[in-house]
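K.L.:
My file is input27.cif. It has mmCIF, C-alpha atoms:
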```
data_my_file
loop_
_atom_site.label_atom_id
_atom_site.label_comp_id
_atom_site.auth_asym_id
_atom_site.auth_seq_id
_atom_site.Cartn_x
_atom_site.Cartn_y
_atom_site.Cartn_z
CA MET F 58 -6.60 -25.05 1.72
CA LEU F 59 -7.68 -21.61 0.60
CA LEU F 60 -4.45 -19.83 1.56
CA LYS F 61 -1.93 -22.67 1.31
CA ASP F 62 1.71 -21.50 1.48
CA GLN F 63 0.72 -17.87 1.87
CA VAL F 64 2.32 -15.62 4.45
CA ALA F 65 0.20 -13.25 6.50
CA ILE F 66 0.92 -10.50 9.02
CA VAL F 67 -1.81 -9.50 11.47
CA THR F 68 -1.32 -6.59 13.85
CA GLY F 69 -3.02 -6.59 17.22
CA GLY F 70 -3.25 -10.36 16.84
CA SER F 71 -3.35 -11.68 20.37
CA ARG F 72 -6.87 -10.65 21.29
CA GLY F 73 -10.31 -9.87 19.95
CA ILE F 74 -10.80 -9.42 16.21
CA GLY F 75 -7.08 -9.79 15.49
CA LYS F 76 -6.94 -13.13 17.25
CA ALA F 77 -9.91 -14.39 15.25
CA CYS F 78 -8.14 -13.27 12.07
CA VAL F 79 -4.98 -15.14 13.08
CA GLN F 80 -7.02 -18.27 13.77
CA ILE F 81 -9.00 -18.21 10.55
CA LEU F 82 -6.01 -17.36 8.33
CA ALA F 83 -3.91 -20.09 9.94
CA ALA F 84 -6.77 -22.59 9.66
CA SER F 85 -6.95 -21.70 5.96
CA GLY F 86 -3.32 -22.67 5.46
CA ALA F 87 -1.46 -19.37 5.80
CA LYS F 88 1.65 -18.96 7.90
CA VAL F 89 0.72 -16.11 10.20
CA ALA F 90 3.02 -13.69 12.00
CA PHE F 91 1.02 -11.67 14.45
CA VAL F 92 1.99 -8.59 16.38
CA TYR F 93 1.08 -8.04 20.00
CA LYS F 94 1.98 -5.15 22.26
CA GLY F 95 1.37 -6.12 25.88
CA SER F 96 -0.53 -9.39 26.03
CA GLU F 97 2.42 -11.75 25.96
CA GLU F 98 0.62 -14.55 27.74
CA ALA F 99 -2.31 -14.46 25.35
CA ALA F 100 0.06 -14.27 22.38
CA LYS F 101 2.08 -17.29 23.46
CA ALA F 102 -1.09 -19.22 24.18
CA LEU F 103 -2.37 -18.46 20.69
CA GLU F 104 0.90 -19.67 19.15
CA VAL F 105 0.52 -22.96 21.00
CA GLU F 106 -3.14 -23.25 20.09
CA ILE F 107 -2.47 -22.74 16.38
CA ALA F 108 0.42 -25.20 16.39
CA ALA F 109 -1.75 -27.80 18.14
CA ALA F 110 -4.34 -27.34 15.41
CA GLY F 111 -1.67 -28.05 12.79
CA GLY F 112 -1.17 -24.45 11.74
CA VAL F 113 1.81 -22.11 11.75
CA ALA F 114 1.73 -18.89 13.74
CA LYS F 115 4.41 -16.76 15.29
CA ALA F 116 3.94 -14.03 17.88
CA ILE F 117 6.14 -10.95 17.58
CA GLN F 118 6.13 -8.22 20.20
CA GLY F 119 5.90 -4.65 18.99
CA ASP F 120 4.03 -1.39 19.34
CA VAL F 121 2.64 -0.43 15.93
CA ALA F 122 2.56 3.21 17.05
CA GLU F 123 6.37 3.22 17.05
CA PRO F 124 7.54 4.13 13.55
CA ALA F 125 10.35 1.54 13.51
CA THR F 126 8.21 -1.44 14.50
CA ALA F 127 6.76 -2.26 11.09
CA GLU F 128 10.10 -2.33 9.27
CA ARG F 129 11.60 -4.57 11.92
CA ILE F 130 8.72 -7.03 11.88
CA VAL F 131 8.32 -7.18 8.10
CA ALA F 132 12.09 -7.73 7.76
CA ALA F 133 11.89 -10.60 10.26
CA VAL F 134 8.99 -12.20 8.40
CA LEU F 135 10.78 -11.89 5.06
CA ALA F 136 13.92 -13.39 6.56
CA ASP F 137 11.99 -16.39 7.83
CA TRP F 138 9.32 -16.94 5.22
CA GLY F 139 10.53 -14.99 2.19
CA ARG F 140 7.30 -13.23 1.27
CA VAL F 141 4.24 -11.38 2.52
CA ASP F 142 0.95 -12.14 0.79
CA ILE F 143 -1.50 -10.76 3.32
CA LEU F 144 -1.41 -7.80 5.68
CA VAL F 145 -4.23 -7.24 8.14
CA ASN F 146 -3.93 -3.89 9.92
CA ASN F 147 -6.04 -4.56 12.96
CA ALA F 148 -4.21 -3.05 15.92
CA GLY F 149 -6.33 -0.29 17.35
CA VAL F 150 -7.03 1.56 20.57
CA ILE F 151 -9.70 3.82 21.97
CA ARG F 152 -9.24 6.79 24.30
CA ASP F 153 -12.82 8.01 24.50
CA GLY F 154 -13.69 11.35 26.00
CA LEU F 155 -15.60 14.49 25.18
CA PHE F 156 -13.56 16.73 22.95
CA VAL F 157 -13.36 19.68 25.31
CA ARG F 158 -11.75 17.41 27.85
CA MET F 159 -9.64 15.36 25.47
CA ASP F 160 -5.97 16.10 25.87
CA ALA F 161 -3.49 15.95 23.04
CA ALA F 162 -2.01 12.70 24.29
CA ASP F 163 -5.33 10.89 23.84
CA TRP F 164 -5.65 12.29 20.35
CA HIS F 165 -2.13 11.30 19.34
CA THR F 166 -2.23 7.87 20.92
CA VAL F 167 -5.28 6.92 18.89
CA LEU F 168 -4.00 8.42 15.63
CA ASN F 169 -0.54 6.95 16.08
CA THR F 170 -1.78 3.44 16.67
CA ASN F 171 -4.81 3.24 14.40
CA LEU F 172 -3.78 5.37 11.45
CA ASN F 173 -0.01 5.70 11.59
CA GLY F 174 0.39 2.04 12.49
CA THR F 175 -1.60 1.17 9.38
CA PHE F 176 0.56 3.50 7.33
CA SER F 177 3.79 2.05 8.70
CA PHE F 178 2.87 -1.55 7.95
CA CYS F 179 1.56 -0.77 4.46
CA LYS F 180 4.76 1.12 3.80
CA ALA F 181 6.91 -1.69 5.15
CA VAL F 182 5.33 -4.36 2.90
CA SER F 183 5.01 -2.11 -0.17
CA ASN F 184 8.42 -2.74 -1.70
CA GLN F 185 7.97 -6.49 -1.38
CA MET F 186 4.40 -6.57 -2.66
CA VAL F 187 4.68 -3.93 -5.38
CA PHE F 188 8.07 -4.60 -6.90
CA LYS F 189 9.08 -8.13 -5.92
CA GLN F 190 5.89 -10.15 -5.76
CA ARG F 191 3.49 -8.01 -7.75
CA SER F 192 0.71 -9.40 -5.65
CA GLY F 193 -0.78 -8.99 -2.23
CA ARG F 194 -3.85 -8.42 -0.11
CA ILE F 195 -4.15 -5.63 2.41
CA VAL F 196 -7.12 -5.46 4.74
CA ASN F 197 -7.48 -2.53 7.12
CA ILE F 198 -9.81 -2.85 10.06
CA SER F 199 -11.93 0.28 10.25
CA SER F 200 -15.13 0.82 12.21
CA VAL F 201 -18.73 1.84 11.65
CA ALA F 202 -17.87 4.61 14.13
CA ALA F 203 -16.10 6.45 11.30
CA GLU F 204 -19.37 7.25 9.54
CA HIS F 205 -21.94 6.64 12.28
CA VAL F 206 -20.22 8.72 14.85
CA ASN F 207 -20.54 8.74 18.61
CA ALA F 208 -19.96 11.54 21.09
CA GLY F 209 -16.65 11.07 22.86
CA GLN F 210 -14.91 9.51 19.85
CA THR F 211 -13.56 12.40 17.80
CA ASN F 212 -10.11 10.82 17.87
CA TYR F 213 -11.30 7.31 17.06
CA ALA F 214 -13.71 8.47 14.33
CA ALA F 215 -10.97 10.59 12.76
CA SER F 216 -8.55 7.68 12.74
CA LYS F 217 -11.02 5.25 11.18
CA GLY F 218 -12.35 7.75 8.66
CA ALA F 219 -8.78 8.41 7.61
CA ILE F 220 -8.21 4.66 7.23
CA ASN F 221 -11.21 4.47 4.88
CA ALA F 222 -9.88 7.27 2.67
CA PHE F 223 -6.36 5.85 2.81
CA THR F 224 -7.69 2.44 1.78
CA ARG F 225 -9.35 3.84 -1.33
CA ALA F 226 -6.35 5.95 -2.34
CA LEU F 227 -3.88 3.11 -1.86
CA ALA F 228 -6.11 0.73 -3.82
CA VAL F 229 -5.76 3.02 -6.83
CA GLU F 230 -1.97 3.10 -6.60
CA PHE F 231 -1.53 -0.64 -6.06
CA GLY F 232 -4.15 -1.85 -8.52
CA SER F 233 -1.78 -2.39 -11.42
CA ARG F 234 0.35 -4.61 -9.22
CA ASN F 235 -2.45 -7.03 -8.45
CA ILE F 236 -2.58 -5.86 -4.86
CA THR F 237 -6.04 -5.32 -3.44
CA VAL F 238 -6.58 -2.91 -0.56
CA ASN F 239 -9.86 -3.09 1.32
CA ALA F 240 -11.28 -2.27 4.71
CA VAL F 241 -13.73 -3.97 7.01
CA ALA F 242 -15.92 -1.87 9.28
CA PRO F 243 -17.05 -3.81 12.34
CA GLY F 244 -20.03 -2.72 14.36
CA PHE F 245 -20.37 -3.70 18.01
CA ILE F 246 -18.21 -6.76 18.48
CA GLU F 247 -17.75 -8.70 21.68
CA THR F 248 -14.16 -7.79 22.46
CA ASP F 249 -12.21 -6.25 25.31
CA MET F 250 -12.30 -2.91 23.50
CA SER F 251 -16.09 -2.72 23.55
CA GLU F 252 -16.50 -4.17 27.03
CA ALA F 253 -17.08 -0.92 28.86
CA VAL F 254 -19.70 0.26 26.40
CA ARG F 255 -21.38 -3.14 26.38
CA ASN F 256 -21.57 -3.16 30.15
CA LYS F 257 -23.15 0.26 30.16
CA ALA F 258 -25.48 -0.01 27.19
CA GLY F 259 -25.42 -3.53 25.80
CA ASP F 260 -29.18 -4.02 25.87
CA ILE F 261 -29.87 -0.68 24.24
CA ILE F 262 -27.34 -1.41 21.51
CA LYS F 263 -28.87 -4.80 20.81
CA LYS F 264 -32.17 -3.11 20.14
CA MET F 265 -30.47 -1.03 17.45
CA ILE F 266 -29.17 -4.10 15.62
CA PRO F 267 -31.57 -5.76 13.16
CA LEU F 268 -29.82 -9.12 13.57
CA LYS F 269 -30.52 -8.89 17.32
CA ARG F 270 -27.12 -9.78 18.59
CA LEU F 271 -23.69 -8.26 19.05
CA GLY F 272 -21.04 -9.35 16.61
CA LYS F 273 -18.39 -11.93 17.35
CA PRO F 274 -14.74 -11.60 16.36
CA ASP F 275 -15.29 -14.47 13.90
CA ASP F 276 -17.92 -12.42 12.07
CA ILE F 277 -15.20 -9.92 11.22
CA ALA F 278 -12.51 -12.53 10.58
CA ASN F 279 -14.75 -14.22 8.01
CA ALA F 280 -15.01 -10.96 6.06
CA VAL F 281 -11.24 -10.58 6.29
CA LEU F 282 -10.79 -14.15 5.03
CA PHE F 283 -13.05 -13.43 2.08
CA LEU F 284 -11.01 -10.36 1.14
CA CYS F 285 -7.79 -12.39 1.37
CA SER F 286 -9.15 -15.32 -0.62
CA PRO F 287 -9.12 -15.88 -4.39
CA ALA F 288 -12.89 -15.26 -4.33
CA ALA F 289 -12.26 -11.54 -3.69
CA GLY F 290 -9.68 -11.11 -6.44
CA TYR F 291 -11.75 -8.42 -8.17
CA VAL F 292 -12.64 -6.44 -5.04
CA THR F 293 -10.49 -3.42 -4.19
CA GLY F 294 -10.84 -0.05 -2.49
CA GLN F 295 -13.99 -1.18 -0.73
CA LEU F 296 -15.29 -0.89 2.79
CA ILE F 297 -17.27 -3.93 3.88
CA THR F 298 -19.48 -3.21 6.85
CA VAL F 299 -20.08 -6.15 9.17
CA ASP F 300 -22.39 -4.90 11.89
CA GLY F 301 -25.60 -6.90 11.90
CA GLY F 302 -27.31 -3.98 10.23
CA LEU F 303 -26.52 -1.46 13.00
CA SER F 304 -25.41 1.23 10.58
CA LEU F 305 -28.71 1.08 8.72
CA GLY F 306 -29.84 3.40 11.48
CA ALA F 307 -33.30 1.93 11.61
CA THR F 308 -35.40 1.75 14.71
CA VAL F 309 -36.01 -1.92 15.26
CA ALA F 310 -39.62 -2.31 16.15
CA MET C 55 29.20 -0.49 -23.84
CA THR C 56 27.41 0.13 -27.13
CA LEU C 57 23.73 0.90 -27.52
CA ASP C 58 23.33 -2.45 -29.29
CA GLU C 59 24.64 -4.20 -26.19
CA ILE C 60 22.55 -2.18 -23.78
CA PHE C 61 19.24 -2.23 -25.62
CA PRO C 62 18.45 -5.97 -25.23
CA ARG C 63 19.04 -5.72 -21.49
CA VAL C 64 16.84 -2.63 -21.20
CA LYS C 65 14.24 -4.42 -23.27
CA THR C 66 14.21 -7.42 -20.96
CA GLN C 67 13.66 -5.16 -17.95
CA LEU C 68 10.84 -3.29 -19.68
CA VAL C 69 9.16 -6.52 -20.71
CA ASP C 70 9.31 -7.70 -17.09
CA ALA C 71 8.24 -4.40 -15.56
CA LEU C 72 5.42 -3.62 -17.95
CA GLY C 73 4.32 -7.07 -18.97
CA ALA C 74 4.86 -5.86 -22.53
CA ASP C 75 5.23 -8.02 -25.57
CA GLU C 76 8.88 -8.32 -26.60
CA ASP C 77 8.09 -7.35 -30.17
CA ASP C 78 6.45 -4.14 -28.98
CA VAL C 79 9.55 -2.87 -27.22
CA LYS C 80 11.48 -0.99 -29.90
CA LEU C 81 13.89 1.92 -29.54
CA THR C 82 11.16 4.26 -30.76
CA SER C 83 8.47 2.94 -28.38
CA ARG C 84 7.08 5.52 -25.97
CA LEU C 85 6.73 4.16 -22.44
CA GLN C 86 3.32 5.65 -21.76
CA ALA C 87 1.59 5.85 -25.11
CA ASP C 88 2.95 2.63 -26.64
CA LEU C 89 3.80 0.44 -23.66
CA ASN C 90 1.05 1.60 -21.27
CA ALA C 91 3.39 2.54 -18.43
CA GLU C 92 1.80 4.31 -15.49
CA SER C 93 3.47 6.30 -12.75
CA ILE C 94 4.29 3.37 -10.47
CA ASP C 95 5.84 1.59 -13.47
CA PHE C 96 8.43 4.36 -13.81
CA LEU C 97 9.63 3.64 -10.27
CA ASP C 98 9.67 -0.06 -11.00
CA ILE C 99 11.73 0.54 -14.16
CA VAL C 100 14.26 2.66 -12.27
CA PHE C 101 14.73 -0.07 -9.63
CA ARG C 102 15.13 -2.74 -12.27
CA LEU C 103 17.65 -0.73 -14.28
CA GLU C 104 19.68 -0.05 -11.13
CA ARG C 105 19.87 -3.77 -10.44
CA GLU C 106 20.50 -4.82 -14.02
CA PHE C 107 23.34 -2.38 -14.62
CA GLY C 108 24.67 -1.93 -11.07
CA LEU C 109 23.87 1.76 -11.14
CA LYS C 110 22.49 4.26 -8.68
CA ILE C 111 19.83 6.35 -10.37
CA ASP C 112 18.86 9.31 -8.24
CA ARG C 113 15.28 10.27 -7.92
CA ASN C 114 14.67 13.18 -10.27
CA GLU C 115 17.48 12.12 -12.60
CA LEU C 116 15.90 9.99 -15.29
CA PHE C 117 12.47 11.52 -14.93
CA PRO C 118 12.99 15.15 -13.87
CA GLU C 119 10.38 16.24 -11.38
CA SER C 120 10.84 20.03 -11.69
CA ILE C 121 8.58 20.23 -14.73
CA PHE C 122 5.93 18.16 -13.04
CA GLN C 123 5.71 20.44 -10.01
CA GLY C 124 3.92 23.08 -12.07
CA ASP C 125 6.43 25.91 -11.48
CA PRO C 126 4.95 28.90 -13.40
CA LYS C 127 8.41 29.78 -14.72
CA LEU C 128 8.55 26.43 -16.46
CA ILE C 129 4.97 25.79 -17.43
CA GLN C 130 1.91 27.96 -18.00
CA ASN C 131 -1.57 27.03 -19.17
CA GLY C 132 -0.43 23.50 -19.88
CA VAL C 133 2.35 24.64 -22.21
CA LEU C 134 6.07 24.66 -21.41
CA THR C 135 7.75 28.09 -21.41
CA ALA C 136 11.13 28.79 -23.00
CA ASP C 137 12.65 28.24 -19.55
CA GLY C 138 10.76 25.00 -19.27
CA LEU C 139 12.17 23.79 -22.57
CA ASP C 140 15.67 24.78 -21.44
CA GLU C 141 15.11 22.81 -18.26
CA LEU C 142 14.18 19.78 -20.34
CA ARG C 143 17.27 20.14 -22.52
CA THR C 144 19.47 20.30 -19.45
CA LYS C 145 17.81 17.52 -17.49
CA MET C 146 17.05 15.23 -20.42
CA PRO C 147 19.94 15.57 -22.85
CA TYR C 148 18.90 12.40 -24.66
CA ALA C 149 15.33 13.42 -25.31
CA ASP C 150 14.11 14.50 -28.73
CA ILE C 151 13.30 18.06 -27.66
CA ALA C 152 13.47 19.38 -31.21
CA LYS C 153 10.32 17.50 -32.09
CA PHE C 154 8.56 18.25 -28.81
CA GLU C 155 9.15 22.01 -28.90
CA LYS C 156 7.01 22.37 -32.01
CA ASN C 157 4.02 21.69 -29.79
CA PRO C 158 5.31 21.84 -26.20
CA LYS C 159 2.15 20.81 -24.40
CA PHE C 160 2.57 19.26 -20.99
CA GLU C 161 0.17 16.47 -21.89
CA LEU C 162 2.56 15.37 -24.64
CA ILE C 163 5.66 15.32 -22.43
CA GLY C 164 5.23 11.60 -21.83
CA ASP C 165 6.12 11.04 -25.48
CA LEU C 166 9.71 12.06 -24.70
CA PHE C 167 10.18 8.96 -22.61
CA THR C 168 11.13 6.45 -25.24
CA VAL C 169 13.08 3.23 -24.99
CA GLU C 170 15.88 4.95 -26.88
CA LEU C 171 16.06 7.71 -24.26
CA ILE C 172 16.46 5.15 -21.51
CA THR C 173 19.04 3.19 -23.45
CA LYS C 174 21.13 6.31 -24.13
CA TYR C 175 20.77 7.43 -20.54
CA ILE C 176 22.06 4.08 -19.29
CA GLN C 177 24.98 4.30 -21.69
CA SER C 178 25.97 7.72 -20.37
CA LYS C 179 25.70 6.51 -16.77
CA LEU C 180 27.89 3.50 -17.55
CA ASN C 181 30.46 5.74 -19.23
CA GLN C 182 30.56 8.02 -16.17
CA LYS C 183 31.26 4.99 -14.03
CA VAL C 184 34.32 3.94 -16.02
#
```
Now that the file is in, can you turn its structure into structure tokens?
P.N.:
Amino acid sequence: MLLKDQVAIVTGGSRGIGKACVQILAASGAKVAFVYKGSEEAAKALEVEIAAAGGVAKAIQGDVAEPATAERIVAAVLADWGRVDILVNNAGVIRDGLFVRMDAADWHTVLNTNLNGTFSFCKAVSNQMVFKQRSGRIVNISSVAAEHVNAGQTNYAASKGAINAFTRALAVEFGSRNITVNAVAPGFIETDMSEAVRNKAGDIIKKMIPLKRLGKPDDIANAVLFLCSPAAGYVTGQLITVDGGLSLGATVA
Amino acid sequence: MTLDEIFPRVKTQLVDALGADEDDVKLTSRLQADLNAESIDFLDIVFRLEREFGLKIDRNELFPESIFQGDPKLIQNGVLTADGLDELRTKMPYADIAKFEKNPKFELIGDLFTVELITKYIQSKLNQKV
């Protein structure tokens, strides 16, 4: 088992990419605490599913946008399992809209969840990883939309671009403590978050993807698993794009 | 507590924090130049010393930050001013300022942080406690 006896925390873990991360980390032997905000039913079902498959997963309710959530959840995980080897900052939201019509609440909601939630959880595990364990893996879920921007996503692009810069800067600080910090940038993935866009423009998007299909949550979770595994021990401060080639920007003939 | 009693305990903490060889940690060793400490290591060392000796070491106490903020009264063109040297004498009474002031370049300030400085600092903190 690749991650035997390791302890992982995944935010936004009940659905979509986060759920796939919980499944793959648990299947690789890690004990996984995952954070969900509203989808209690899905979270409980995932707990049961993982247990039935012989894994260990625990759902913890919390809104990562609330500053106190991370400390509370990391403290609970340390109390139960004594360490944190892996942190996957996945929880994210969109509030798309053209900038002239975007109100401050939509801006702050996206920044608070995507960026500040990532900050809070990194901060909450830092003492444990840096000073007590001197080891750890942090994977932040970014997006190709940070660099290959779309109209109507100033807030989302800003949050993900900031995550990319934060990832690189934190990797420098944590390097001497054998903690790697990386990001994964998904393209169009079949999740609830992308549903509206897929319904409107799914066929057009597919034509822009050299691999001719939308991504699946597992495509992203596999990249996350790699970054958490011993195989990625020498990879830090990097952004791995997993988008079927979408961001190449080529016209697919 | 005497310096001879404190030094081995400081040494153990430095060996753990820095992954240094025990033989390399001498009273004269400089944390940065000789033991390869980087900024995050200084925090680590402070936490370890607090635990080892049951002390509370305030931020800014062992490693004074005022000099590092680049205040023009204290430092100009990479060289400490007379005020800057006074600040060091006040904040770091156990540092060998006499040697440093001959060539008070900011880039050499790390040389002040020796194992001896830490050991003497801990001794003074322990004496205050009693």
K.L.:
Translate the PyMOL selection byres ((chain C) within 12 of (chain F)), as applied to the file shown, into an explicit residue set as a PyMOL selection string.
P.N.:
chain C and resi 70-73+90-102
K.L.:
As number ranges by chain, please: the residues near Ile117 of chain F (cut-off 8 Å, all atoms listed in the file, same-chain neighbours under 3 positions excluded).
P.N.:
F: 90-93, 130
K.L.:
Write the residues you've just listed into a file as a JSON list (two decimals), in the coordinates of the input, and include C-alpha atoms for each of them.
P.N.:
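Heads up, here's the output in selection-v8.json:
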```json
[["chain", "number", "residue", "atom", "x", "y", "z"],
["F", 90, "ALA", "CA", 3.02, -13.69, 12.00],
["F", 91, "PHE", "CA", 1.02, -11.67, 14.45],
["F", 92, "VAL", "CA", 1.99, -8.59, 16.38],
["F", 93, "TYR", "CA", 1.08, -8.04, 20.00],
["F", 130, "ILE", "CA", 8.72, -7.03, 11.88]]
```
K.L.:
List the spatial neighbours of Gly138 of chain C as a list in words - criterion: any atom at most 8 Å away, only C-alpha atoms, same-chain residues fewer than 6 positions off excluded.
P.N.:
Ile121, Lys127, Leu128 and Ile129 of chain C
K.L.:
What is the atom CA of Thr82 of chain C to atom CA of Glu155 of chain C distance in Å?
P.N.:
18.0 Å
K.L.:
Interatomic distance between atom CA of Arg194 of chain F and atom CA of Ala77 of chain F?
P.N.:
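Atom CA of Ala77 of chain F lies 17.6 Å from atom CA of Arg194 of chain F.
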K.L.:
Could you list the residues chosen by the PyMOL selection byres ((chain C and resi 110) around 12) in this structure as a ChimeraX atom specification?
P.N.:
/C:100-109,111-116,176,179-180,182-183
K.L.:
Go through segment 58-132 of chain F and flag each residue having an atom no more than 10 Å from segment 259-276 of chain F; for those, report the closest pair of atoms plus their distance in Å to one decimal, using only C-alpha atoms, ordered by chain and rising number, as JSON lines.
P.N.:
```
{"residue": "F:Arg72", "atom": "CA", "partner": "F:Pro274", "partner_atom": "CA", "distance": 9.3}
{"residue": "F:Gly73", "atom": "CA", "partner": "F:Pro274", "partner_atom": "CA", "distance": 6.0}
{"residue": "F:Ile74", "atom": "CA", "partner": "F:Pro274", "partner_atom": "CA", "distance": 4.5}
{"residue": "F:Gly75", "atom": "CA", "partner": "F:Pro274", "partner_atom": "CA", "distance": 7.9}
{"residue": "F:Lys76", "atom": "CA", "partner": "F:Pro274", "partner_atom": "CA", "distance": 8.0}
{"residue": "F:Ala77", "atom": "CA", "partner": "F:Asp275", "partner_atom": "CA", "distance": 5.5}
{"residue": "F:Cys78", "atom": "CA", "partner": "F:Asp275", "partner_atom": "CA", "distance": 7.5}
{"residue": "F:Gln80", "atom": "CA", "partner": "F:Asp275", "partner_atom": "CA", "distance": 9.1}
{"residue": "F:Ile81", "atom": "CA", "partner": "F:Asp275", "partner_atom": "CA", "distance": 8.0}
```
K.L.:
Which residue, F:Gly119, F:Gly232, F:Gly95, F:Pro243, has the smallest gap to Ser192 of chain F when you use all atoms listed in the file?
P.N.:
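Among F:Gly119, F:Gly232, F:Gly95, F:Pro243, it is F:Gly232 that comes nearest to Ser192 of chain F.
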K.L.:
Can you measure atom CA of Thr126 of chain F to atom CA of Ser177 of chain F for me? One decimal in Å is fine.
P.N.:
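Rounded to one decimal, the two atoms are 8.1 Å apart.
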K.L.:
Since I can't run it myself right now, could you work out what the PyMOL selection byres ((chain F and resi 226) around 12) selects here and report it as a PyMOL selection string?
P.N.:
chain F and resi 219-225+227-232+237-240+293-295
K.L.:
Restricting the calculation to all atoms listed in the file, which member of C:Leu81, C:Pro118, C:Ile172, C:Ala87 is positioned closest to Thr144 of chain C?
P.N.:
C:Pro118
K.L.:
Which residue out of F:Ala132, F:Ala253, F:Ala307, F:Leu284 has the minimum interatomic distance to Leu59 of chain F when only C-alpha atoms are used?
P.N.:
F:Leu284
K.L.:
For a quick check of understanding, using all atoms listed in the file, which of C:Thr66, C:Phe160, C:Lys145, C:Asp88 has the smallest distance to Gln123 of chain C?
P.N.:
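Ranking C:Thr66, C:Phe160, C:Lys145, C:Asp88 by distance to Gln123 of chain C, first place goes to C:Phe160.
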K.L.:
Which residues are near segment 158-162 of chain F? Cut-off 10 Å, all atoms listed in the file, ignore same chain within fewer than 4 positions. Put them as a ChimeraX atom specification.
P.N.:
/F:152-154,166-168,209-212
K.L.:
Nearest residue to Leu89 of chain C out of C:Ser120, C:Thr135, C:Thr173, C:Thr168, using all atoms listed in the file?
P.N.:
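Ranked by minimum distance to Leu89 of chain C, first place goes to C:Thr168.
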K.L.:
Regenerate segment 130-146 of chain F at the level of N, CA and C atoms and dump it as an mmCIF file, in the coordinates of the input.
P.N.:
```cif
data_model
loop_
_atom_site.group_PDB
_atom_site.id
_atom_site.type_symbol
_atom_site.label_atom_id
_atom_site.label_comp_id
_atom_site.auth_asym_id
_atom_site.auth_seq_id
_atom_site.Cartn_x
_atom_site.Cartn_y
_atom_site.Cartn_z
ATOM 1 N N ILE F 130 9.519 -5.805 11.920
ATOM 2 C CA ILE F 130 8.720 -7.030 11.880
ATOM 3 C C ILE F 130 8.603 -7.579 10.457
ATOM 4 N N VAL F 131 8.405 -6.706 9.493
ATOM 5 C CA VAL F 131 8.320 -7.180 8.100
ATOM 6 C C VAL F 131 9.667 -7.784 7.682
ATOM 7 N N ALA F 132 10.772 -7.174 8.091
ATOM 8 C CA ALA F 132 12.090 -7.730 7.760
ATOM 9 C C ALA F 132 12.252 -9.122 8.372
ATOM 10 N N ALA F 133 11.778 -9.292 9.602
ATOM 11 C CA ALA F 133 11.890 -10.600 10.260
ATOM 12 C C ALA F 133 11.051 -11.647 9.530
ATOM 13 N N VAL F 134 9.867 -11.268 9.113
ATOM 14 C CA VAL F 134 8.990 -12.200 8.400
ATOM 15 C C VAL F 134 9.593 -12.581 7.054
ATOM 16 N N LEU F 135 10.152 -11.597 6.361
ATOM 17 C CA LEU F 135 10.780 -11.890 5.060
ATOM 18 C C LEU F 135 11.994 -12.781 5.235
ATOM 19 N N ALA F 136 12.742 -12.557 6.315
ATOM 20 C CA ALA F 136 13.920 -13.390 6.560
ATOM 21 C C ALA F 136 13.512 -14.843 6.795
ATOM 22 N N ASP F 137 12.414 -15.030 7.497
ATOM 23 C CA ASP F 137 11.990 -16.390 7.830
ATOM 24 C C ASP F 137 11.197 -17.068 6.705
ATOM 25 N N TRP F 138 10.293 -16.317 6.123
ATOM 26 C CA TRP F 138 9.320 -16.940 5.220
ATOM 27 C C TRP F 138 9.408 -16.431 3.784
ATOM 28 N N GLY F 139 10.207 -15.391 3.559
ATOM 29 C CA GLY F 139 10.530 -14.990 2.190
ATOM 30 C C GLY F 139 9.501 -14.169 1.434
ATOM 31 N N ARG F 140 8.310 -14.009 1.971
ATOM 32 C CA ARG F 140 7.300 -13.230 1.270
ATOM 33 C C ARG F 140 6.213 -12.745 2.229
ATOM 34 N N VAL F 141 5.404 -11.824 1.755
ATOM 35 C CA VAL F 141 4.240 -11.380 2.520
ATOM 36 C C VAL F 141 3.063 -11.271 1.551
ATOM 37 N N ASP F 142 2.097 -12.157 1.697
ATOM 38 C CA ASP F 142 0.950 -12.140 0.790
ATOM 39 C C ASP F 142 -0.219 -11.338 1.352
ATOM 40 N N ILE F 143 -0.320 -11.344 2.671
ATOM 41 C CA ILE F 143 -1.500 -10.760 3.320
ATOM 42 C C ILE F 143 -1.055 -9.872 4.472
ATOM 43 N N LEU F 144 -1.627 -8.684 4.529
ATOM 44 C CA LEU F 144 -1.410 -7.800 5.680
ATOM 45 C C LEU F 144 -2.774 -7.402 6.227
ATOM 46 N N VAL F 145 -2.992 -7.680 7.494
ATOM 47 C CA VAL F 145 -4.230 -7.240 8.140
ATOM 48 C C VAL F 145 -3.862 -6.220 9.216
ATOM 49 N N ASN F 146 -4.199 -4.966 8.953
ATOM 50 C CA ASN F 146 -3.930 -3.890 9.920
ATOM 51 C C ASN F 146 -5.101 -3.805 10.878
#
```
